[in-house]
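Inspection log for the structure reproduced underneath, given as structure tokens.
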Amino acid sequence: MKDHGAAGVTGCLKNICLWRFFKRGPFPFRDKTNTYSFIGTLAGVEPLRSRTVLQIMDGLRGVWHGGPFSPDRKFRFYPKQMMFGTDPVAIDRLLLDVIDDKRKAEHSVSVWDRSMTIVKSGYGYDDNPSINRFIREPGHIEYASALGLESTMSTRFKARKIEL
């Protein structure tokens, strides 16, 4: 479970497509990264779409700012949960809530905040959770849903919490 400066979260959909299509990050060094549309579009390309059948979200340790590669321990947290499912859209939607709730608890800007007043390029982003490097695009999850990327089981989606 990780924050992501461009996509909002590093979830199933982002990981399905970005590691398959780009060896280096596809994100240009400008304010808008277009992750809103291309994450869902690329995740829906065959053979990825039909071969991606099980999603596993490791939430034992997470990063709530500066992710996915934040070296700073102060931005780590421990949700102590795992998510398993066949629907990357549903799992990412749950992940978005976990990351955004943690950011709010830390009095940081929401992943949904698209204000240009908090977008600053260059130094300072890694240490300040109240600024963004890019305009975040967490709406990529809803966009992927509109493309029909949820599994056929989505109408019966259930979340169960199991404590050990």
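Convention: chains lettered A, B, ... in structure tokens order; per-chain residue numbering from 1; ligands numbered from 1 as shown.
Here the residues within chain A that DSSP labels strand (DSSP E) on the basis of the backbone are Lys2, Asp3, His4, Gly8, Val9, Thr10, Gln55, Ile56, Met57, Asp58, Gly59, Gly62, Val63, Arg76, Phe77, Gln81, Met82, Met83, Phe84 and Gly85 of chain A.
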Practice task
For range 57-71 of chain A, please output as a ChimeraX atom specification all residues within 7 Å (counting only C-alpha atoms; exclusion window: fewer than 2 positions along the same chain).
Solution key: /A:1-5,10,55,73,75-84,99,102-103,126,129
Handout entry: Residue list (alpha helix (DSSP H), DSSP) for range 2-159 of chain A, as a ChimeraX atom specification
Key = /A:12-21,35-43,48-51,88-105,140-146
Generate a file of the selected residues that holds C-alpha atoms, formatted as a compact mmCIF listing (two decimals), in the first residue's frame.
```
# COMPACT_ATOMS: atom_id res chain seq x y z
CA CYS A 12 -3.11 -3.06 -8.87
CA LEU A 13 -4.04 -1.10 -12.00
CA LYS A 14 -0.89 1.01 -12.00
CA ASN A 15 1.33 -1.99 -11.41
CA ILE A 16 -0.42 -4.08 -14.07
CA CYS A 17 0.38 -1.63 -16.82
CA LEU A 18 3.41 0.47 -15.95
CA TRP A 19 5.90 -2.34 -15.39
CA ARG A 20 4.77 -3.99 -18.63
CA PHE A 21 4.96 -0.96 -20.91
CA THR A 35 -2.19 8.86 -15.60
CA TYR A 36 -5.95 9.46 -15.40
CA SER A 37 -6.55 7.88 -18.80
CA PHE A 38 -3.54 5.81 -19.67
CA ILE A 39 -3.44 3.52 -16.60
CA GLY A 40 -6.89 2.06 -17.31
CA THR A 41 -6.33 2.04 -21.04
CA LEU A 42 -3.06 0.10 -20.79
CA ALA A 43 -4.37 -2.27 -18.11
CA LEU A 48 -2.78 -8.32 -19.80
CA ARG A 49 -6.51 -7.95 -19.24
CA SER A 50 -7.43 -11.62 -19.61
CA ARG A 51 -4.34 -12.98 -17.85
CA PRO A 88 -8.19 -4.69 -9.55
CA VAL A 89 -10.63 -1.76 -9.63
CA ALA A 90 -12.29 -2.75 -6.35
CA ILE A 91 -9.00 -3.39 -4.57
CA ASP A 92 -7.57 -0.07 -5.76
CA ARG A 93 -10.69 1.74 -4.58
CA LEU A 94 -10.20 0.28 -1.09
CA LEU A 95 -6.50 1.17 -1.23
CA LEU A 96 -7.31 4.76 -2.15
CA ASP A 97 -9.38 5.09 1.02
CA VAL A 98 -6.59 3.64 3.19
CA ILE A 99 -3.95 6.04 1.81
CA ASP A 100 -6.20 9.10 1.81
CA ASP A 101 -7.44 8.41 5.35
CA LYS A 102 -3.84 8.16 6.57
CA ARG A 103 -2.91 11.41 4.80
CA LYS A 104 -5.88 13.14 6.44
CA ALA A 105 -4.92 11.73 9.86
CA HIS A 140 -7.83 6.67 -12.91
CA ILE A 141 -9.60 4.02 -10.84
CA GLU A 142 -13.07 5.28 -11.76
CA TYR A 143 -11.91 5.72 -15.37
CA ALA A 144 -10.80 2.06 -15.46
CA SER A 145 -14.18 1.06 -14.07
CA ALA A 146 -15.91 2.95 -16.91
```
Handout entry: Contact residues around Val111 in chain A with only C-alpha atoms at 7 Å, ignoring same-chain residues under 6 positions, as a list in words
Key = Gly8, Asp100, Arg136 and Pro138 of chain A
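When CA of Ile118 in chain A is paired with CA of Ile135 in chain A, their separation reads 8.8 Å.
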Exercise for the section: Name all residues at most 12 Å from Ser115 in chain A (count only C-alpha atoms; drop same-chain ones fewer than 5 positions away) and give them as a ChimeraX atom specification. Expected result: /A:31-32,109-110,120,130-137
Please, could you write that set of residues out with C-alpha atoms as a tab-separated table (two decimals), in the first residue's frame?
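Result file is selection_18.tsv:
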```tsv
chain	number	residue	atom	x	y	z
A	31	ASP	CA	2.40	19.28	-13.86
A	32	LYS	CA	0.01	16.87	-15.57
A	109	VAL	CA	-3.31	17.25	1.56
A	110	SER	CA	-5.74	14.71	0.15
A	120	LYS	CA	5.75	22.43	-6.80
A	130	SER	CA	1.55	19.31	1.97
A	131	ILE	CA	2.88	19.73	-1.57
A	132	ASN	CA	2.62	17.57	-4.67
A	133	ARG	CA	5.13	17.08	-7.46
A	134	PHE	CA	2.34	16.59	-10.02
A	135	ILE	CA	-1.42	16.97	-10.23
A	136	ARG	CA	-2.53	13.65	-8.74
A	137	GLU	CA	-4.87	11.48	-10.79
```
Completion exercise
In terms of only C-alpha atoms, the residue from A:Asn128, A:Ala7, A:Val119, A:Gly85 at minimal distance from Glu106 in chain A is A:Asn128
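Atom to atom, CA of Ala6 in chain A and CA of Leu149 in chain A stand 20.5 Å apart.
Taking CA of Arg160 in chain A as the reference point, CA of Gly139 in chain A is found at 24.5 Å.
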